[in-house]
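Asks: Coordinates in start.txt, compact mmCIF, C-alpha atoms, are listed below.
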```
# COMPACT_ATOMS: atom_id res chain seq x y z
CA MET A 1 86.23 114.68 65.99
CA LYS A 2 88.08 111.64 67.25
CA ASN A 3 87.42 108.41 65.39
CA ARG A 4 85.46 105.96 67.58
CA ILE A 5 87.65 103.01 66.53
CA LYS A 6 90.78 104.80 67.79
CA SER A 7 89.03 105.69 71.07
CA LEU A 8 87.89 102.08 71.53
CA PHE A 9 91.41 100.63 71.20
CA GLU A 10 92.79 103.26 73.57
CA GLN A 11 90.24 102.22 76.19
CA LYS A 12 90.42 98.46 75.63
CA GLN A 13 93.58 96.68 74.52
CA LYS A 14 92.45 93.09 75.08
CA GLY A 15 89.42 90.82 74.72
CA LEU A 16 87.64 92.97 72.19
CA LEU A 17 84.65 91.35 70.46
CA SER A 18 83.74 92.45 66.95
CA VAL A 19 80.70 90.98 65.20
CA TYR A 20 79.85 90.94 61.49
CA PHE A 21 76.36 90.69 60.03
CA THR A 22 74.96 91.20 56.53
CA ALA A 23 72.70 94.26 56.21
CA GLY A 24 69.23 93.31 54.99
CA PHE A 25 69.37 89.81 56.48
CA PRO A 26 67.35 87.96 57.70
CA LYS A 27 64.86 90.71 56.82
CA LEU A 28 65.43 93.97 54.97
CA ASP A 29 64.74 96.23 57.95
CA ASP A 30 66.62 94.28 60.64
CA THR A 31 69.78 96.43 60.45
CA GLU A 32 69.08 98.83 63.31
CA THR A 33 67.60 96.14 65.56
CA ILE A 34 70.72 93.98 65.15
CA ILE A 35 73.12 96.88 65.84
CA LEU A 36 71.29 97.99 69.00
CA GLU A 37 70.89 94.45 70.31
CA LEU A 38 74.59 93.69 69.72
CA GLU A 39 75.57 96.77 71.67
CA LYS A 40 73.19 95.84 74.49
CA SER A 41 74.74 92.36 74.58
CA GLY A 42 78.23 93.81 75.15
CA VAL A 43 79.85 93.73 71.72
CA ASP A 44 82.67 96.29 71.23
CA LEU A 45 82.69 96.84 67.47
CA ILE A 46 80.22 96.03 64.67
CA GLU A 47 80.95 95.26 61.03
CA VAL A 48 77.95 95.86 58.80
CA GLY A 49 78.22 93.82 55.60
CA MET A 50 77.14 95.44 52.34
CA PRO A 51 75.82 92.46 50.35
CA PHE A 52 77.39 91.76 46.96
CA SER A 53 76.56 89.11 44.38
CA ASP A 54 80.17 87.97 43.88
CA PRO A 55 81.99 88.08 47.23
CA LEU A 56 85.62 86.85 47.06
CA ALA A 57 86.42 86.22 50.71
CA ASP A 58 83.08 84.94 51.97
CA GLY A 59 82.20 81.33 52.60
CA PRO A 60 78.78 79.71 51.97
CA THR A 61 77.00 81.09 55.07
CA ILE A 62 77.76 84.76 54.38
CA GLN A 63 77.30 84.28 50.62
CA GLN A 64 73.85 82.89 51.27
CA SER A 65 72.98 85.79 53.60
CA SER A 66 74.11 88.21 50.86
CA THR A 67 71.87 86.49 48.32
CA VAL A 68 68.88 86.76 50.67
CA ALA A 69 69.68 90.40 51.51
CA LEU A 70 69.93 91.38 47.83
CA ARG A 71 66.67 89.55 47.13
CA ASN A 72 65.13 91.48 50.06
CA GLY A 73 66.09 94.70 48.27
CA MET A 74 69.22 95.77 50.15
CA THR A 75 71.39 98.36 48.36
CA ILE A 76 73.98 100.91 49.50
CA PRO A 77 71.46 103.82 49.32
CA LYS A 78 68.97 101.72 51.32
CA LEU A 79 71.61 100.95 53.94
CA PHE A 80 72.54 104.61 54.36
CA GLU A 81 68.85 105.38 54.74
CA GLN A 82 68.58 102.75 57.51
CA LEU A 83 71.64 104.19 59.29
CA GLN A 84 70.47 107.81 59.01
CA ASP A 85 69.55 108.15 62.71
CA ILE A 86 71.78 105.44 64.20
CA ARG A 87 74.05 107.95 65.99
CA GLN A 88 71.11 109.26 67.98
CA LYS A 89 70.79 105.77 69.47
CA THR A 90 74.32 104.40 69.84
CA GLN A 91 77.98 105.44 69.84
CA ILE A 92 79.38 101.94 69.20
CA PRO A 93 82.10 101.93 66.49
CA LEU A 94 80.62 100.87 63.13
CA VAL A 95 82.58 99.57 60.14
CA LEU A 96 81.13 98.95 56.68
CA MET A 97 82.49 95.83 54.99
CA GLY A 98 81.99 94.97 51.35
CA TYR A 99 83.53 94.97 47.90
CA LEU A 100 84.82 97.69 45.66
CA ASN A 101 82.44 97.27 42.72
CA PRO A 102 79.21 98.55 44.41
CA VAL A 103 81.17 101.36 46.08
CA MET A 104 82.57 102.47 42.71
CA GLN A 105 79.09 102.31 41.20
CA TYR A 106 77.86 104.56 44.00
CA GLY A 107 80.91 106.86 43.62
CA VAL A 108 83.82 106.50 46.04
CA GLU A 109 83.88 110.10 47.31
CA ARG A 110 80.09 110.21 47.57
CA PHE A 111 80.26 106.91 49.49
CA CYS A 112 82.87 108.25 51.94
CA GLN A 113 80.93 111.48 52.44
CA LYS A 114 77.67 109.64 53.11
CA ALA A 115 79.36 107.10 55.39
CA ALA A 116 80.82 109.95 57.45
CA GLU A 117 77.45 111.71 57.49
CA VAL A 118 75.63 108.74 59.05
CA GLY A 119 78.48 108.15 61.54
CA ILE A 120 80.48 105.26 60.08
CA ASP A 121 84.00 104.94 61.53
CA GLY A 122 85.79 102.56 59.19
CA ILE A 123 85.64 100.72 55.87
CA ILE A 124 86.82 97.24 54.87
CA LEU A 125 87.09 96.53 51.13
CA PRO A 126 89.11 93.30 50.78
CA ASP A 127 89.52 93.69 47.01
CA LEU A 128 90.84 97.27 47.06
CA PRO A 129 94.61 96.95 46.45
CA LEU A 130 96.86 98.82 48.86
CA ARG A 131 98.70 100.69 46.09
CA GLU A 132 95.45 101.86 44.52
CA TYR A 133 94.16 102.96 47.91
CA VAL A 134 97.31 104.98 48.65
CA ASP A 135 97.46 106.58 45.18
CA GLU A 136 93.77 107.31 44.65
CA TYR A 137 91.67 107.13 47.79
CA LYS A 138 93.72 107.59 50.98
CA GLU A 139 93.31 111.37 51.03
CA MET A 140 89.57 110.97 50.56
CA PHE A 141 89.21 108.47 53.44
CA GLU A 142 91.22 110.73 55.72
CA LYS A 143 89.21 113.79 54.71
CA TYR A 144 86.06 112.05 55.99
CA ASN A 145 87.79 110.61 59.10
CA LEU A 146 87.25 106.99 57.98
CA SER A 147 89.66 104.27 59.10
CA LYS A 148 90.64 102.01 56.20
CA VAL A 149 91.03 98.47 57.51
CA PHE A 150 93.28 96.09 55.57
CA LEU A 151 93.42 92.31 55.73
CA ILE A 152 96.61 90.32 56.19
CA THR A 153 96.98 86.52 56.03
CA PRO A 154 99.61 83.97 57.12
CA GLN A 155 101.10 84.37 53.62
CA THR A 156 101.53 88.17 53.80
CA PRO A 157 105.26 89.05 53.85
CA GLU A 158 106.63 91.20 56.67
CA GLU A 159 107.48 94.08 54.34
CA ARG A 160 103.88 94.28 53.12
CA ILE A 161 102.47 94.02 56.66
CA ARG A 162 104.66 96.97 57.66
CA GLU A 163 103.51 98.95 54.63
CA ILE A 164 99.85 98.22 55.46
CA ASP A 165 100.52 99.27 59.06
CA SER A 166 101.93 102.60 57.89
CA HIS A 167 98.78 103.37 55.86
CA THR A 168 96.27 102.16 58.47
CA ASN A 169 94.65 104.25 61.17
CA GLY A 170 92.35 101.84 62.98
CA PHE A 171 93.19 98.16 63.26
CA ILE A 172 94.61 95.38 61.10
CA TYR A 173 92.29 92.51 60.23
CA MET A 174 94.34 89.34 60.71
CA VAL A 175 92.78 86.57 58.63
CA SER A 176 93.55 83.42 60.62
CA SER A 177 94.08 81.09 57.66
CA ALA A 178 94.12 81.00 53.88
CA SER A 179 90.45 80.16 53.41
CA THR A 180 87.07 81.84 53.05
CA THR A 181 84.93 82.86 56.04
CA GLY A 182 83.26 80.09 58.03
CA LYS A 183 85.45 77.37 56.52
CA THR A 184 87.98 76.79 59.29
CA ILE A 185 86.95 75.28 62.58
CA GLY A 186 89.24 76.53 65.29
CA LEU A 187 92.71 77.97 64.93
CA ALA A 188 95.33 75.68 63.41
CA GLU A 189 98.84 75.18 64.80
CA GLN A 190 100.42 77.08 61.90
CA SER A 191 98.13 80.03 62.70
CA GLN A 192 99.74 80.34 66.13
CA ALA A 193 103.19 80.84 64.58
CA TYR A 194 101.75 83.54 62.30
CA PHE A 195 100.09 85.32 65.23
CA GLN A 196 103.37 85.25 67.16
CA ARG A 197 105.28 86.55 64.13
CA VAL A 198 102.88 89.52 63.79
CA ALA A 199 102.95 90.21 67.54
CA GLY A 200 106.77 90.25 67.38
CA MET A 201 106.66 92.97 64.72
CA LYS A 202 105.35 95.50 67.29
CA LEU A 203 103.05 97.23 64.79
CA GLN A 204 101.56 100.65 65.52
CA ASN A 205 98.00 99.41 64.88
CA PRO A 206 96.27 96.72 66.97
CA GLY A 207 95.40 93.41 65.32
CA VAL A 208 92.01 91.72 65.40
CA ILE A 209 91.70 88.09 64.29
CA GLY A 210 88.90 86.89 62.01
CA PHE A 211 87.88 83.74 60.03
CA GLY A 212 87.26 80.56 62.05
CA ILE A 213 86.19 82.26 65.30
CA HIS A 214 82.86 80.70 66.22
CA ASP A 215 82.61 79.92 69.95
CA ARG A 216 83.94 80.85 73.39
CA GLU A 217 87.06 78.69 73.01
CA THR A 218 88.17 80.05 69.61
CA PHE A 219 87.38 83.60 70.74
CA ALA A 220 89.51 83.22 73.90
CA SER A 221 92.33 81.62 71.90
CA ALA A 222 92.36 84.46 69.34
CA CYS A 223 92.35 87.05 72.14
CA ASN A 224 95.57 85.52 73.50
CA HIS A 225 97.32 86.57 70.29
CA ALA A 226 95.65 89.88 69.38
CA SER A 227 93.56 92.73 70.75
CA GLY A 228 90.38 90.87 69.90
CA ALA A 229 88.50 88.73 67.42
CA ILE A 230 85.78 88.98 64.79
CA ILE A 231 82.85 86.57 64.54
CA GLY A 232 80.92 86.46 61.28
CA SER A 233 79.54 83.20 59.88
CA ALA A 234 78.62 81.72 63.29
CA PHE A 235 76.64 84.87 64.14
CA VAL A 236 74.89 84.92 60.75
CA LYS A 237 73.83 81.31 61.41
CA ALA A 238 72.50 82.30 64.84
CA LEU A 239 70.30 84.99 63.23
CA GLN A 240 68.50 82.30 61.24
CA GLN A 241 67.27 80.33 64.21
CA GLU A 242 63.65 80.04 65.28
CA GLY A 243 62.38 82.53 67.81
CA SER A 244 62.91 86.24 68.39
CA LEU A 245 65.80 88.01 66.70
CA GLN A 246 66.74 89.86 69.91
CA GLN A 247 66.76 86.63 71.93
CA ASN A 248 68.91 84.84 69.33
CA ILE A 249 71.44 87.71 69.33
CA SER A 250 71.59 87.97 73.11
CA SER A 251 71.97 84.18 73.61
CA PHE A 252 74.68 83.90 70.98
CA ILE A 253 76.79 86.78 72.38
CA GLN A 254 76.42 85.46 75.93
CA SER A 255 77.66 82.05 74.76
CA ILE A 256 80.83 83.73 73.46
CA LYS A 257 81.49 86.12 76.33
CA ASN A 258 80.57 84.15 79.46
```
How does this structure look as structure tokens?

Replies:
Amino acid sequence: MKNRIKSLFEQKQKGLLSVYFTAGFPKLDDTETIILELEKSGVDLIEVGMPFSDPLADGPTIQQSSTVALRNGMTIPKLFEQLQDIRQKTQIPLVLMGYLNPVMQYGVERFCQKAAEVGIDGIILPDLPLREYVDEYKEMFEKYNLSKVFLITPQTPEERIREIDSHTNGFIYMVSSASTTGKTIGLAEQSQAYFQRVAGMKLQNPGVIGFGIHDRETFASACNHASGAIIGSAFVKALQQEGSLQQNISSFIQSIKN
């Protein structure tokens, strides 16, 4: 069966909106509601965060949502349980994002098998080294038809970007700046040079820009340099507002897209 991420990028090369949220936040059982509402609002790709107590790349907003989600009782088995019937309700590409430790505790092959079973299309594990992935896990990911998404930053050398590109089968997550999520406001001048450098490399996988994308302007700017952009912290903040969850999601996505 064709991977949904691959199909998405074949159908849409520009202006793609990906949204991240932390599973189990604001409430433990909000996962399905958020996914379905995001799809209804016109999002192209969804990253479901697996909360972890010691996240390396996440800024204060996502860290705090992880803390709340863990306190609510979110775990990997719980998340798989929540996603059990998701493919009967939506075909939107879904990516799980988290850290290696909980996945190893669960068992990497068991994790891949279960992810494939519930209909997950890709995995982002920022702290899984490329070499280790290639030597130990690549075969496993491919066996279960899971795209492994790697992050690159303005500091990543060309040789490494090309190596990542050769081991990727979905998209490349272009971190806009050397900071944690939610820290940067807007896209700095030096980021533009980095985006142009990557575009000039003519990679086989599309790039999607994340970190610092928080409104219509930053989204449009990122889309000028890549296939699309990822919004995380700003969306997590929107989920915490007063009023109905569905309304908050819909209003936030409209503010980005319109």

Asks: Please return as a list in words every residue within 10 Å of (77.6, 93.5, 73.3), taking into account all atoms listed in the file and the file's own coordinates.

Replies: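 Selection result: Leu17, Ser18, Val19, Ile35, Leu36, Glu37, Leu38, Glu39, Lys40, Ser41, Gly42, Val43, Asp44, Leu45, Ile46, Ile92, Ile249, Ser250, Ile253, Gln254 and Lys257 of chain A.
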
Asks: Determine, counting all atoms listed in the file, which protein, DNA and RNA residues have an atom within 12 Å of an atom of Glu32 of chain A; residues of the same chain fewer than 4 positions away are not included. Present the result as a PDB file with C-alpha atoms, in the coordinates of the input.

Replies:
```
ATOM      1  CA  PHE A  21      76.360  90.690  60.030  1.00  0.00           C
ATOM      2  CA  THR A  22      74.960  91.200  56.530  1.00  0.00           C
ATOM      3  CA  ALA A  23      72.700  94.260  56.210  1.00  0.00           C
ATOM      4  CA  GLY A  24      69.230  93.310  54.990  1.00  0.00           C
ATOM      5  CA  PHE A  25      69.370  89.810  56.480  1.00  0.00           C
ATOM      6  CA  LYS A  27      64.860  90.710  56.820  1.00  0.00           C
ATOM      7  CA  LEU A  28      65.430  93.970  54.970  1.00  0.00           C
ATOM      8  CA  LEU A  36      71.290  97.990  69.000  1.00  0.00           C
ATOM      9  CA  GLU A  37      70.890  94.450  70.310  1.00  0.00           C
ATOM     10  CA  LEU A  38      74.590  93.690  69.720  1.00  0.00           C
ATOM     11  CA  GLU A  39      75.570  96.770  71.670  1.00  0.00           C
ATOM     12  CA  ILE A  46      80.220  96.030  64.670  1.00  0.00           C
ATOM     13  CA  VAL A  48      77.950  95.860  58.800  1.00  0.00           C
ATOM     14  CA  LEU A  79      71.610 100.950  53.940  1.00  0.00           C
ATOM     15  CA  PHE A  80      72.540 104.610  54.360  1.00  0.00           C
ATOM     16  CA  GLU A  81      68.850 105.380  54.740  1.00  0.00           C
ATOM     17  CA  GLN A  82      68.580 102.750  57.510  1.00  0.00           C
ATOM     18  CA  LEU A  83      71.640 104.190  59.290  1.00  0.00           C
ATOM     19  CA  GLN A  84      70.470 107.810  59.010  1.00  0.00           C
ATOM     20  CA  ASP A  85      69.550 108.150  62.710  1.00  0.00           C
ATOM     21  CA  ILE A  86      71.780 105.440  64.200  1.00  0.00           C
ATOM     22  CA  ARG A  87      74.050 107.950  65.990  1.00  0.00           C
ATOM     23  CA  GLN A  88      71.110 109.260  67.980  1.00  0.00           C
ATOM     24  CA  LYS A  89      70.790 105.770  69.470  1.00  0.00           C
ATOM     25  CA  THR A  90      74.320 104.400  69.840  1.00  0.00           C
ATOM     26  CA  LEU A  94      80.620 100.870  63.130  1.00  0.00           C
ATOM     27  CA  LEU A 245      65.800  88.010  66.700  1.00  0.00           C
ATOM     28  CA  GLN A 246      66.740  89.860  69.910  1.00  0.00           C
TER      29      GLN A 246
END
```

Asks: Within 7 Å of Ser227 of chain A, counting only C-alpha atoms, which residues show up once you throw out same-chain ones fewer than 6 positions away? Write them as a PyMOL selection string, please.

Replies: chain A and resi 13-16+206-208

Asks: Mind pulling up the distance from atom CA of Ile123 of chain A to atom CA of Lys6 of chain A?

Replies: 13.6 Å

Asks: Taking all atoms of segment 248-258 of chain A that appear in the file, build a box with edges along x, y and z, extend it by 4 Å on every side, and state its centre and edge lengths in Å to one decimal, as JSON.

Replies:
```
{"center_x": 75.2, "center_y": 85.0, "center_z": 74.4, "size_x": 20.6, "size_y": 13.9, "size_z": 18.1}
```

Asks: From the set A:Ala222, A:Leu125, A:Ile62, A:Ala115, which residue has the shortest atom-to-atom contact distance to Tyr99 of chain A, counting only C-alpha atoms?

Replies: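 Residue with the minimum atom-to-atom distance to Tyr99 of chain A: A:Leu125.
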
Asks: Using all atoms listed in the file, which of A:Thr33, A:Ser166, A:Gln192, A:Gln247 sits nearest Val134 of chain A?

Replies: A:Ser166

Asks: Identify which of the residues A:Gln105, A:Ser177, A:Gln11, A:Asn169 lies closest to Thr156 of chain A, counting only C-alpha atoms when measuring atom-to-atom distances.

Replies: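 Going through A:Gln105, A:Ser177, A:Gln11, A:Asn169 one by one, the smallest distance to Thr156 of chain A is for A:Ser177.
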
Asks: Is it possible to get the residues within 10 Å of (70.7, 107.7, 47.3) (coordinates as in the file, counting only C-alpha atoms) written as a PyMOL selection string?

Replies: chain A and resi 75-81+106+110-111+114

Asks: Which of these, A:Glu117, A:Asp29, A:Glu47, A:Glu242, has the shortest distance to Val149 of chain A once you count only C-alpha atoms?

Replies: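 Checking each candidate against Val149 of chain A, we get A:Glu47 as the closest.
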
Asks: Give me, please, the distance in Å between atom CA of Tyr144 of chain A and atom CA of Asp54 of chain A, quoted to one decimal.

Replies: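 Atom CA of Asp54 of chain A lies at a distance of 27.6 Å from atom CA of Tyr144 of chain A.
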
Asks: Counting all atoms listed in the file, what is within 8 Å of Gly122 of chain A, bar same-chain residues fewer than 2 positions away, as a VMD selection string?

Replies: chain A and resid 5 94 to 96 120 124 146 to 149 170

Asks: So which one's closest to Asp30 of chain A, A:Met140, A:Cys223, A:Met74, A:Ile213? Using only C-alpha atoms, please.

Replies: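 That would be A:Met74, the residue with the smallest distance to Asp30 of chain A.
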
Asks: Taking all atoms listed in the file into account, which of A:Asn101, A:Gln155, A:Ser7, A:Gln91 comes nearest Pro126 of chain A?

Replies: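 Among A:Asn101, A:Gln155, A:Ser7, A:Gln91, it is A:Asn101 that comes nearest to Pro126 of chain A.
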
Asks: Using Å and a single decimal, report how far atom CA of Cys112 of chain A sits from atom CA of Lys138 of chain A.

Replies: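 That distance, rounded to one decimal, is 10.9 Å.
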